[in-house]
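J.: As input, take structure.cif (mmCIF, C-alpha atoms):
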data_model
loop_
_atom_site.group_PDB
_atom_site.id
_atom_site.type_symbol
_atom_site.label_atom_id
_atom_site.label_comp_id
_atom_site.auth_asym_id
_atom_site.auth_seq_id
_atom_site.Cartn_x
_atom_site.Cartn_y
_atom_site.Cartn_z
ATOM 1 C CA MET A 55 -1.099 24.037 -1.290
ATOM 2 C CA LEU A 56 1.067 25.279 1.559
ATOM 3 C CA PHE A 57 0.481 21.963 3.325
ATOM 4 C CA ASN A 58 1.701 20.062 0.241
ATOM 5 C CA LEU A 59 4.744 22.301 0.008
ATOM 6 C CA LEU A 60 5.626 21.622 3.640
ATOM 7 C CA LEU A 61 5.166 17.884 3.111
ATOM 8 C CA MET A 62 7.394 18.004 0.047
ATOM 9 C CA ILE A 63 10.212 19.807 1.860
ATOM 10 C CA ALA A 64 9.945 17.482 4.876
ATOM 11 C CA ALA A 65 9.952 14.333 2.708
ATOM 12 C CA VAL A 66 13.014 15.384 0.737
ATOM 13 C CA LEU A 67 14.905 16.457 3.879
ATOM 14 C CA CYS A 68 14.109 13.166 5.638
ATOM 15 C CA ALA A 69 15.166 11.159 2.577
ATOM 16 C CA PHE A 70 18.430 13.081 2.296
ATOM 17 C CA GLN A 71 19.084 12.672 6.014
ATOM 18 C CA ALA A 72 18.422 8.901 5.768
ATOM 19 C CA LEU A 73 21.245 8.630 3.249
ATOM 20 C CA ARG A 74 23.598 11.112 4.924
ATOM 21 C CA THR A 75 23.596 9.791 8.475
ATOM 22 C CA ARG A 76 26.243 7.216 9.358
ATOM 23 C CA GLN A 77 24.244 5.414 12.049
ATOM 24 C CA LEU A 78 22.124 2.714 10.486
ATOM 25 C CA LEU A 79 19.372 2.748 13.107
ATOM 26 C CA ALA A 80 18.985 6.498 12.681
ATOM 27 C CA ALA A 81 18.871 5.976 8.911
ATOM 28 C CA ALA A 82 16.042 3.455 9.335
ATOM 29 C CA LEU A 83 14.112 5.937 11.464
ATOM 30 C CA TRP A 84 14.615 8.731 8.919
ATOM 31 C CA LEU A 85 13.287 6.361 6.240
ATOM 32 C CA ALA A 86 10.221 5.676 8.408
ATOM 33 C CA CYS A 87 9.663 9.445 8.664
ATOM 34 C CA THR A 88 9.918 9.706 4.874
ATOM 35 C CA SER A 89 7.324 6.940 4.491
ATOM 36 C CA ALA A 90 4.942 8.629 6.917
ATOM 37 C CA ILE A 91 5.248 11.954 5.098
ATOM 38 C CA VAL A 92 4.760 10.272 1.715
ATOM 39 C CA ALA A 93 1.622 8.639 3.154
ATOM 40 C CA GLY A 94 0.373 12.106 4.126
ATOM 41 C CA LEU A 95 1.069 13.352 0.612
ATOM 42 C CA LEU A 96 -0.847 10.413 -0.885
ATOM 43 C CA TYR A 97 -3.764 11.123 1.430
ATOM 44 C CA ALA A 98 -3.764 14.752 0.333
ATOM 45 C CA LEU A 99 -3.891 13.548 -3.286
ATOM 46 C CA GLY A 100 -7.071 11.601 -2.525
ATOM 47 C CA ALA A 101 -5.501 8.122 -2.543
ATOM 48 C CA HIS A 102 -6.707 7.209 0.919
ATOM 49 C CA GLU A 103 -6.382 3.417 0.652
ATOM 50 C CA VAL A 104 -2.818 3.522 -0.626
ATOM 51 C CA ALA A 105 -1.922 6.093 2.035
ATOM 52 C CA VAL A 106 -3.044 3.724 4.780
ATOM 53 C CA ILE A 107 -1.180 0.775 3.217
ATOM 54 C CA GLU A 108 1.956 2.876 2.795
ATOM 55 C CA LEU A 109 1.776 4.047 6.396
ATOM 56 C CA SER A 110 1.372 0.546 7.790
ATOM 57 C CA VAL A 111 3.773 -1.256 5.460
ATOM 58 C CA GLY A 112 6.325 1.440 4.611
ATOM 59 C CA ALA A 113 6.587 3.131 7.978
ATOM 60 C CA GLY A 114 5.750 0.091 10.096
ATOM 61 C CA LEU A 115 6.725 -3.281 8.662
ATOM 62 C CA VAL A 116 9.769 -2.180 6.679
ATOM 63 C CA THR A 117 11.132 -0.208 9.641
ATOM 64 C CA VAL A 118 10.750 -3.230 11.913
ATOM 65 C CA LEU A 119 12.544 -5.352 9.320
ATOM 66 C CA PHE A 120 15.352 -2.817 9.074
ATOM 67 C CA VAL A 121 15.789 -2.662 12.848
ATOM 68 C CA PHE A 122 15.747 -6.474 12.985
ATOM 69 C CA GLY A 123 18.376 -6.752 10.241
ATOM 70 C CA ILE A 124 20.599 -4.069 11.749
ATOM 71 C CA THR A 125 20.381 -5.766 15.146
ATOM 72 C CA ILE A 126 21.493 -9.078 13.628
ATOM 73 C CA ALA A 127 24.221 -7.634 11.430
ATOM 74 C CA GLY A 128 25.423 -5.049 13.920
ATOM 75 C CA GLU A 129 26.060 -1.343 13.511
ATOM 76 C CA GLU A 130 28.870 -0.404 11.169
ATOM 77 C CA THR A 131 29.520 3.301 11.432
ATOM 78 C CA GLN A 132 32.947 3.490 9.847
ATOM 79 C CA GLU A 133 33.454 6.195 7.264
ATOM 80 C CA MET A 134 33.404 4.757 3.736
ATOM 81 C CA ARG A 135 34.588 6.925 0.881
ATOM 82 C CA SER A 136 32.248 6.873 -2.061
ATOM 83 C CA LEU A 137 33.388 4.967 -5.161
ATOM 84 C CA VAL A 138 31.951 7.686 -7.410
ATOM 85 C CA PRO A 139 33.088 11.286 -6.812
ATOM 86 C CA TRP A 140 30.297 13.222 -5.096
ATOM 87 C CA ALA A 141 30.421 15.978 -7.700
ATOM 88 C CA LEU A 142 29.840 13.474 -10.514
ATOM 89 C CA ALA A 143 27.048 11.768 -8.545
ATOM 90 C CA GLY A 144 25.390 15.104 -7.814
ATOM 91 C CA GLY A 145 25.713 16.160 -11.441
ATOM 92 C CA LEU A 146 24.135 12.935 -12.654
ATOM 93 C CA ALA A 147 21.290 13.274 -10.156
ATOM 94 C CA LEU A 148 20.669 16.860 -11.237
ATOM 95 C CA ALA A 149 20.754 15.793 -14.894
ATOM 96 C CA LEU A 150 18.131 13.135 -14.130
ATOM 97 C CA ILE A 151 15.918 15.656 -12.368
ATOM 98 C CA GLY A 152 16.289 18.094 -15.245
ATOM 99 C CA LEU A 153 15.567 15.492 -17.908
ATOM 100 C CA VAL A 154 12.491 14.025 -16.220
ATOM 101 C CA GLY A 155 11.290 17.511 -15.287
ATOM 102 C CA TRP A 156 11.637 18.617 -18.895
ATOM 103 C CA PHE A 157 9.331 15.783 -19.970
ATOM 104 C CA VAL A 158 6.852 16.068 -17.098
ATOM 105 C CA LEU A 159 6.520 19.788 -16.379
ATOM 106 C CA PRO A 160 4.229 21.630 -16.688
ATOM 107 C CA VAL A 161 1.766 19.180 -15.184
ATOM 108 C CA PRO A 162 -1.622 19.132 -16.982
ATOM 109 C CA GLU A 163 -4.859 19.767 -15.154
ATOM 110 C CA ALA A 164 -6.442 16.795 -13.397
ATOM 111 C CA SER A 165 -9.421 15.514 -15.328
ATOM 112 C CA THR A 166 -12.580 14.468 -13.544
ATOM 113 C CA ALA A 167 -13.224 10.751 -13.159
ATOM 114 C CA VAL A 168 -15.822 9.374 -15.545
ATOM 115 C CA ALA A 169 -17.699 6.324 -14.226
ATOM 116 C CA GLU A 170 -14.616 4.767 -12.701
ATOM 117 C CA PRO A 171 -15.176 1.509 -10.778
ATOM 118 C CA SER A 172 -14.550 1.531 -7.044
ATOM 119 C CA PHE A 173 -11.156 0.675 -5.605
ATOM 120 C CA SER A 174 -12.143 -2.830 -4.476
ATOM 121 C CA VAL A 175 -13.685 -3.670 -7.869
ATOM 122 C CA MET A 176 -10.614 -2.303 -9.599
ATOM 123 C CA LEU A 177 -8.259 -4.247 -7.319
ATOM 124 C CA TRP A 178 -10.013 -7.622 -7.190
ATOM 125 C CA GLU A 179 -11.721 -7.821 -10.572
ATOM 126 C CA ASN A 180 -10.018 -5.571 -13.094
ATOM 127 C CA ARG A 181 -6.525 -6.204 -11.713
ATOM 128 C CA GLY A 182 -7.128 -9.762 -10.502
ATOM 129 C CA LEU A 183 -4.050 -11.093 -12.269
ATOM 130 C CA ASP A 184 -1.942 -8.552 -10.401
ATOM 131 C CA MET A 185 -3.297 -9.890 -7.114
ATOM 132 C CA LEU A 186 -2.333 -13.449 -8.070
ATOM 133 C CA VAL A 187 1.150 -12.279 -8.999
ATOM 134 C CA GLN A 188 1.408 -10.484 -5.648
ATOM 135 C CA ILE A 189 0.447 -13.638 -3.773
ATOM 136 C CA GLY A 190 3.085 -15.572 -5.707
ATOM 137 C CA LEU A 191 5.595 -12.830 -4.994
ATOM 138 C CA ILE A 192 4.899 -12.988 -1.259
ATOM 139 C CA PHE A 193 5.360 -16.778 -1.263
ATOM 140 C CA ALA A 194 8.600 -16.423 -3.226
ATOM 141 C CA GLY A 195 9.807 -13.821 -0.736
ATOM 142 C CA VAL A 196 9.009 -16.034 2.256
ATOM 143 C CA MET A 197 10.763 -19.014 0.641
ATOM 144 C CA GLY A 198 13.764 -16.850 -0.162
ATOM 145 C CA ILE A 199 13.977 -15.616 3.404
ATOM 146 C CA LEU A 200 13.717 -19.125 4.813
ATOM 147 C CA GLY A 201 16.485 -20.272 2.493
ATOM 148 C CA ILE A 202 18.758 -17.342 3.088
ATOM 149 C CA LEU A 203 18.380 -16.959 6.834
ATOM 150 C CA ALA A 204 18.643 -20.701 7.544
ATOM 151 C CA GLU A 205 21.638 -21.494 9.725
ATOM 152 C CA LYS A 206 23.973 -23.737 7.757
ATOM 153 C CA GLU A 207 25.529 -26.565 9.775
ATOM 154 C CA THR A 208 29.294 -26.586 9.368
ATOM 155 C CA ALA A 209 31.172 -29.814 8.558
ATOM 156 C CA GLU A 210 32.870 -29.756 11.946
ATOM 157 C CA GLU A 211 29.563 -29.498 13.809
ATOM 158 C CA ARG A 212 28.116 -32.326 11.711
ATOM 159 C CA ALA A 213 31.123 -34.592 12.400
ATOM 160 C CA ARG A 214 30.930 -33.823 16.115
ATOM 161 C CA ALA A 215 27.214 -34.649 16.205
ATOM 162 C CA ASN A 216 27.818 -37.957 14.338
ATOM 163 C CA TYR A 217 30.661 -38.894 16.705
ATOM 164 C CA LYS A 218 28.460 -38.182 19.713
ATOM 165 C CA ALA A 219 25.630 -40.284 18.287
ATOM 166 C CA ARG A 220 27.965 -43.252 17.681
ATOM 167 C CA GLN A 221 29.408 -43.284 21.209
ATOM 168 C CA PRO A 222 27.837 -45.901 23.564
ATOM 169 C CA GLN A 223 25.858 -44.289 26.287
ATOM 170 C CA PRO A 224 27.158 -44.974 29.830
ATOM 171 C CA PRO A 225 24.698 -46.893 32.047
ATOM 172 C CA LEU A 226 22.600 -44.751 34.245
ATOM 173 C CA PRO A 227 23.370 -44.982 37.993
ATOM 174 C CA GLN A 228 20.975 -47.184 39.934
ATOM 175 C CA PRO A 229 18.729 -45.373 42.346
ATOM 176 C CA GLN A 230 19.778 -45.972 45.934
ATOM 177 C CA THR A 231 17.382 -46.236 48.816
ATOM 178 C CA ILE A 232 18.105 -43.805 51.546
ATOM 179 C CA HIS A 233 17.849 -45.220 55.066
ATOM 180 C CA THR A 234 17.107 -42.682 57.717
ATOM 181 C CA GLU A 235 17.584 -43.485 61.310
ATOM 182 C CA SER A 236 14.326 -43.202 63.148
ATOM 183 C CA THR A 237 14.374 -41.620 66.524
ATOM 184 C CA PRO A 238 11.896 -42.471 69.234
ATOM 185 C CA GLU A 239 10.175 -39.085 68.787
ATOM 186 C CA SER A 240 9.608 -39.732 65.099
ATOM 187 C CA GLN A 241 8.292 -43.248 65.820
ATOM 188 C CA ILE A 242 5.749 -41.763 68.266
ATOM 189 C CA LYS A 243 4.694 -39.169 65.666
ATOM 190 C CA GLU A 244 4.247 -41.863 62.985
ATOM 191 C CA ALA A 245 2.190 -43.981 65.356
ATOM 192 C CA HIS A 246 -0.067 -40.963 66.101
ATOM 193 C CA ALA A 247 -0.426 -40.239 62.405
ATOM 194 C CA MET B 166 -5.134 22.427 -8.773
ATOM 195 C CA SER B 167 -2.349 22.386 -11.261
ATOM 196 C CA ASN B 168 -0.119 24.119 -8.732
ATOM 197 C CA GLU B 169 -0.820 21.344 -6.264
ATOM 198 C CA LEU B 170 0.101 18.698 -8.830
ATOM 199 C CA THR B 171 3.203 20.662 -9.789
ATOM 200 C CA ILE B 172 4.352 20.509 -6.181
ATOM 201 C CA VAL B 173 3.712 16.761 -6.144
ATOM 202 C CA ALA B 174 5.677 16.366 -9.375
ATOM 203 C CA ALA B 175 8.523 18.356 -7.834
ATOM 204 C CA THR B 176 8.451 15.994 -4.830
ATOM 205 C CA VAL B 177 8.738 13.012 -7.175
ATOM 206 C CA LEU B 178 11.685 14.569 -8.979
ATOM 207 C CA CYS B 179 13.474 15.466 -5.738
ATOM 208 C CA LEU B 180 12.978 11.984 -4.273
ATOM 209 C CA LEU B 181 14.272 10.367 -7.469
ATOM 210 C CA GLY B 182 17.283 12.689 -7.468
ATOM 211 C CA VAL B 183 18.121 12.062 -3.811
ATOM 212 C CA ALA B 184 17.775 8.291 -4.308
ATOM 213 C CA LEU B 185 20.004 8.280 -7.387
ATOM 214 C CA TYR B 186 22.610 10.388 -5.596
ATOM 215 C CA GLY B 187 22.465 7.917 -2.688
ATOM 216 C CA LEU B 188 22.795 4.885 -4.940
ATOM 217 C CA LEU B 189 25.897 6.395 -6.516
ATOM 218 C CA THR B 190 27.604 7.484 -3.311
ATOM 219 C CA VAL B 191 26.793 5.149 -0.415
ATOM 220 C CA ARG B 192 28.750 1.933 0.089
ATOM 221 C CA ASN B 193 26.885 0.397 3.006
ATOM 222 C CA LEU B 194 24.496 -2.356 1.891
ATOM 223 C CA PHE B 195 21.736 -1.235 4.245
ATOM 224 C CA GLN B 196 21.955 2.297 2.905
ATOM 225 C CA VAL B 197 21.772 0.983 -0.656
ATOM 226 C CA ILE B 198 18.460 -0.666 0.256
ATOM 227 C CA ILE B 199 17.302 2.594 1.867
ATOM 228 C CA ALA B 200 18.132 4.433 -1.361
ATOM 229 C CA LEU B 201 16.081 1.883 -3.314
ATOM 230 C CA GLN B 202 13.172 2.402 -0.933
ATOM 231 C CA ILE B 203 13.293 6.159 -1.479
ATOM 232 C CA LEU B 204 13.393 5.609 -5.247
ATOM 233 C CA VAL B 205 10.278 3.438 -5.091
ATOM 234 C CA LYS B 206 8.465 5.999 -2.937
ATOM 235 C CA GLY B 207 9.016 8.548 -5.685
ATOM 236 C CA ALA B 208 7.618 6.102 -8.251
ATOM 237 C CA LEU B 209 4.646 5.427 -5.964
ATOM 238 C CA ILE B 210 3.690 9.083 -5.781
ATOM 239 C CA ALA B 211 4.160 9.393 -9.550
ATOM 240 C CA LEU B 212 1.731 6.511 -10.179
ATOM 241 C CA VAL B 213 -0.974 8.026 -7.996
ATOM 242 C CA MET B 214 -0.401 11.444 -9.551
ATOM 243 C CA ALA B 215 -0.702 9.961 -13.047
ATOM 244 C CA GLY B 216 -3.958 8.287 -12.029
ATOM 245 C CA LYS B 217 -5.289 11.585 -10.738
ATOM 246 C CA ILE B 218 -4.305 13.460 -13.885
ATOM 247 C CA SER B 219 -5.930 10.890 -16.171
ATOM 248 C CA GLY B 220 -9.077 10.763 -14.047
ATOM 249 C CA GLN B 221 -8.474 7.125 -13.048
ATOM 250 C CA LEU B 222 -7.333 7.475 -9.465
ATOM 251 C CA ASN B 223 -8.437 3.968 -8.483
ATOM 252 C CA LEU B 224 -6.413 2.428 -11.295
ATOM 253 C CA GLY B 225 -3.378 4.349 -10.076
ATOM 254 C CA GLN B 226 -4.057 3.174 -6.530
ATOM 255 C CA SER B 227 -4.310 -0.477 -7.539
ATOM 256 C CA LEU B 228 -1.004 -0.217 -9.382
ATOM 257 C CA ALA B 229 0.528 1.507 -6.354
ATOM 258 C CA VAL B 230 -0.540 -1.403 -4.124
ATOM 259 C CA THR B 231 1.326 -3.796 -6.435
ATOM 260 C CA VAL B 232 4.394 -1.581 -6.245
ATOM 261 C CA ILE B 233 4.225 -1.498 -2.433
ATOM 262 C CA VAL B 234 4.106 -5.305 -2.227
ATOM 263 C CA ALA B 235 7.000 -5.738 -4.671
ATOM 264 C CA ASP B 236 8.998 -3.066 -2.860
ATOM 265 C CA THR B 237 8.517 -4.775 0.497
ATOM 266 C CA ILE B 238 9.655 -8.121 -0.909
ATOM 267 C CA VAL B 239 12.726 -6.435 -2.404
ATOM 268 C CA ALA B 240 13.522 -4.892 0.983
ATOM 269 C CA VAL B 241 13.077 -8.192 2.822
ATOM 270 C CA VAL B 242 15.269 -10.207 0.442
ATOM 271 C CA GLY B 243 17.843 -7.415 0.306
ATOM 272 C CA LEU B 244 18.060 -7.255 4.087
ATOM 273 C CA ALA B 245 18.460 -11.028 4.315
ATOM 274 C CA LEU B 246 21.238 -10.916 1.717
ATOM 275 C CA ALA B 247 22.929 -8.068 3.611
ATOM 276 C CA VAL B 248 22.857 -10.096 6.823
ATOM 277 C CA GLN B 249 24.425 -13.063 5.026
ATOM 278 C CA VAL B 250 27.093 -10.863 3.432
ATOM 279 C CA LYS B 251 27.950 -9.475 6.868
ATOM 280 C CA ARG B 252 28.128 -13.024 8.247
ATOM 281 C CA TYR B 253 30.481 -14.273 5.530
ATOM 282 C CA THR B 254 32.673 -11.231 4.853
ATOM 283 C CA GLY B 255 32.454 -9.463 8.220
ATOM 284 C CA SER B 256 31.598 -6.165 6.563
ATOM 285 C CA LEU B 257 28.679 -4.408 4.900
ATOM 286 C CA ASP B 258 30.860 -2.636 2.351
ATOM 287 C CA ILE B 259 29.725 -3.321 -1.213
ATOM 288 C CA LYS B 260 33.367 -3.282 -2.272
ATOM 289 C CA ASN B 261 33.858 -6.549 -0.406
ATOM 290 C CA LEU B 262 31.246 -8.218 -2.586
ATOM 291 C CA SER B 263 33.920 -8.680 -5.267
ATOM 292 C CA THR B 264 35.441 -11.377 -3.039
ATOM 293 C CA LEU B 265 32.385 -13.541 -3.767
ATOM 294 C CA ARG B 266 33.805 -14.240 -7.239
ATOM 295 C CA ARG B 267 36.737 -16.216 -5.867
#
Show me the file's structure as structure tokens.

T.:
Amino acid sequence: MLFNLLLMIAAVLCAFQALRTRQLLAAALWLACTSAIVAGLLYALGAHEVAVIELSVGAGLVTVLFVFGITIAGEETQEMRSLVPWALAGGLALALIGLVGWFVLPVPEASTAVAEPSFSVMLWENRGLDMLVQIGLIFAGVMGILGILAEKETAEERARANYKARQPQPPLPQPQTIHTESTPESQIKEAHA
Amino acid sequence: MSNELTIVAATVLCLLGVALYGLLTVRNLFQVIIALQILVKGALIALVMAGKISGQLNLGQSLAVTVIVADTIVAVVGLALAVQVKRYTGSLDIKNLSTLRR
């Protein structure tokens, strides 16, 4: 229980720090820490498979993507004033916590599993349609990335390339034979060879 | 056991609150995506916790896997859009997105 409490405090602090810091790379690293701690919490809950997936995807892949995106876009550390007053935002967040907590708490006791199928059976057979949707989602994501990240050729570059293609190519210079003057020593060496 | 689940529920609530506060206050596009990621992490823990409470942990896990995949795709597309916004407007400020209407 103490372990869960420590994980909870660490996760919330890391999440808050990820949003508070002004350096984007540091924010990405704080988010990776949050993911790793959430993976630990999931493992403690008994969801071992999801914990491993969360650790590899949430703390690994997403962090790499963030670092890649920040490297391309560049750091932007200028101070931006929030559009919503912080007191109003904090009040709304607290109201959300209170409302959801009022519905959720106190948490009922965990019931024991009754003849539940294994994780692989549940994932591939009972939730097979979900898997198909996930595959489609991944394809849609890859197509979206290819479309969005594709470098668009500007009109000026296109016109320049067309102009270059229409220009006649100058004839290539003819290769010239190089005559070297042979000295008597070199003639003797050639004769020996 | 209930105490343990209460702590997990408190974690979910705190993560949701932090993410909502972030969504309302930050103006950098990358940080908006980070706030969304934190929000989804809270939902992920809630799904697994609900599975544990109902005695169907594997069902909760399979749903959580779907959420992880969808969340990753959202992050990838969001990052690509942020890079394009930076390329076209020269800034990551969400206030500059209003210029896209012109």

J.: Please tabulate, as a tab-separated table, the residues of chain B that come within 7 Å of chain A, each with its closest pair of atoms and the distance in Å to one decimal, counting only C-alpha atoms and ordering rows by chain, then residue number upward.

T.:
residue	atom	partner	partner_atom	distance
B:Met166	CA	A:Glu163	CA	6.9
B:Ser167	CA	A:Glu163	CA	5.3
B:Glu169	CA	A:Met55	CA	5.7
B:Leu170	CA	A:Val161	CA	6.6
B:Thr171	CA	A:Val161	CA	5.8
B:Ile172	CA	A:Leu59	CA	6.5
B:Thr176	CA	A:Met62	CA	5.4
B:Leu178	CA	A:Ile151	CA	5.5
B:Cys179	CA	A:Val66	CA	6.5
B:Leu180	CA	A:Val66	CA	6.1
B:Gly182	CA	A:Ala147	CA	4.9
B:Val183	CA	A:Phe70	CA	6.2
B:Leu185	CA	A:Ala147	CA	5.9
B:Tyr186	CA	A:Ala143	CA	5.5
B:Gly187	CA	A:Leu73	CA	6.1
B:Leu189	CA	A:Ala143	CA	5.9
B:Thr190	CA	A:Ser136	CA	4.8
B:Val191	CA	A:Ser136	CA	6.0
B:Arg192	CA	A:Ser136	CA	6.4
B:Gln196	CA	A:Leu73	CA	6.4
B:Ala200	CA	A:Leu73	CA	7.0
B:Ile203	CA	A:Ala69	CA	6.7
B:Ile210	CA	A:Leu96	CA	6.8
B:Lys217	CA	A:Ala164	CA	6.0
B:Ile218	CA	A:Ala164	CA	4.0
B:Ser219	CA	A:Ser165	CA	5.9
B:Gly220	CA	A:Ala167	CA	4.2
B:Gln221	CA	A:Ala167	CA	6.0
B:Asn223	CA	A:Phe173	CA	5.1
B:Leu224	CA	A:Met176	CA	6.6
B:Gln226	CA	A:Val104	CA	6.0
B:Ser227	CA	A:Leu177	CA	5.5
B:Ala229	CA	A:Val104	CA	6.9
B:Val230	CA	A:Val104	CA	6.5
B:Thr231	CA	A:Gln188	CA	6.7
B:Val234	CA	A:Gln188	CA	6.8
B:Thr237	CA	A:Val116	CA	6.8
B:Ile238	CA	A:Gly195	CA	5.7
B:Val242	CA	A:Ile199	CA	6.3
B:Leu244	CA	A:Gly123	CA	6.2
B:Ala245	CA	A:Ile202	CA	6.4
B:Val248	CA	A:Ala127	CA	5.4
B:Lys251	CA	A:Ala127	CA	6.2

J.: Tell me, in Å to one decimal, how far CA of Leu204 (chain B) is from CA of Ile91 (chain A).

T.: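 Distance reported for this atom pair: 14.6 Å.
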
J.: Which value, in Å to one decimal, gives the distance between CA of Ala247 (chain B) and CA of Arg212 (chain A)?

T.: 26.1 Å

J.: Please tell me which residues are no farther than 12 Å from (33.2, -5.3, 0.5) in the file, counting all atoms listed in the file, and write them as a count of residues only.

T.: 22

J.: Enter the distance from CA of Ile199 (chain B) to CA of Ala80 (chain A), in Å, rounded to one decimal.

T.: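 For CA of Ile199 (chain B) relative to CA of Ala80 (chain A), the distance reads 11.6 Å.
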
J.: Considering all atoms listed in the file, state which residue in the set B:Ala240, B:Leu181, B:Leu228, B:Leu188 is at the smallest distance from Met214 (chain B).

T.: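 Between B:Ala240, B:Leu181, B:Leu228, B:Leu188, the residue approaching Met214 (chain B) most closely is B:Leu228.
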
J.: Assuming 6 Å of padding per side, give the centre and edge lengths of the axis-aligned box around every listed atom of region 120-131 of chain A, in Å to one decimal and as AutoDock Vina command-line options.

T.:
--center_x 22.4 --center_y -2.9 --center_z 12.1 --size_x 26.2 --size_y 24.4 --size_z 18.1

J.: Take region 213-225 of chain B, bring it up to N, CA and C atoms, and give me the output as a short mmCIF file (atom, residue, chain, number, x, y, z; two decimals), in the coordinates of the input.

T.:
data_model
loop_
_atom_site.label_atom_id
_atom_site.label_comp_id
_atom_site.auth_asym_id
_atom_site.auth_seq_id
_atom_site.Cartn_x
_atom_site.Cartn_y
_atom_site.Cartn_z
N VAL B 213 0.30 7.47 -8.48
CA VAL B 213 -0.97 8.03 -8.00
C VAL B 213 -1.26 9.36 -8.69
N MET B 214 -0.22 10.15 -8.88
CA MET B 214 -0.40 11.44 -9.55
C MET B 214 -0.87 11.25 -11.00
N ALA B 215 -0.28 10.24 -11.67
CA ALA B 215 -0.70 9.96 -13.05
C ALA B 215 -2.16 9.52 -13.09
N GLY B 216 -2.56 8.70 -12.10
CA GLY B 216 -3.96 8.29 -12.03
C GLY B 216 -4.88 9.46 -11.83
N LYS B 217 -4.45 10.40 -10.99
CA LYS B 217 -5.29 11.58 -10.74
C LYS B 217 -5.39 12.46 -11.99
N ILE B 218 -4.29 12.61 -12.69
CA ILE B 218 -4.30 13.46 -13.88
C ILE B 218 -5.21 12.86 -14.96
N SER B 219 -5.13 11.52 -15.12
CA SER B 219 -5.93 10.89 -16.17
C SER B 219 -7.37 10.63 -15.74
N GLY B 220 -7.71 10.98 -14.50
CA GLY B 220 -9.08 10.76 -14.05
C GLY B 220 -9.35 9.33 -13.64
N GLN B 221 -8.31 8.53 -13.46
CA GLN B 221 -8.47 7.12 -13.05
C GLN B 221 -7.66 6.89 -11.77
N LEU B 222 -8.09 7.54 -10.72
CA LEU B 222 -7.33 7.48 -9.46
C LEU B 222 -7.29 6.06 -8.90
N ASN B 223 -8.41 5.32 -9.04
CA ASN B 223 -8.44 3.97 -8.48
C ASN B 223 -7.50 3.02 -9.24
N LEU B 224 -7.37 3.24 -10.53
CA LEU B 224 -6.41 2.43 -11.30
C LEU B 224 -4.99 2.72 -10.80
N GLY B 225 -4.69 3.98 -10.61
CA GLY B 225 -3.38 4.35 -10.08
C GLY B 225 -3.15 3.76 -8.69
#
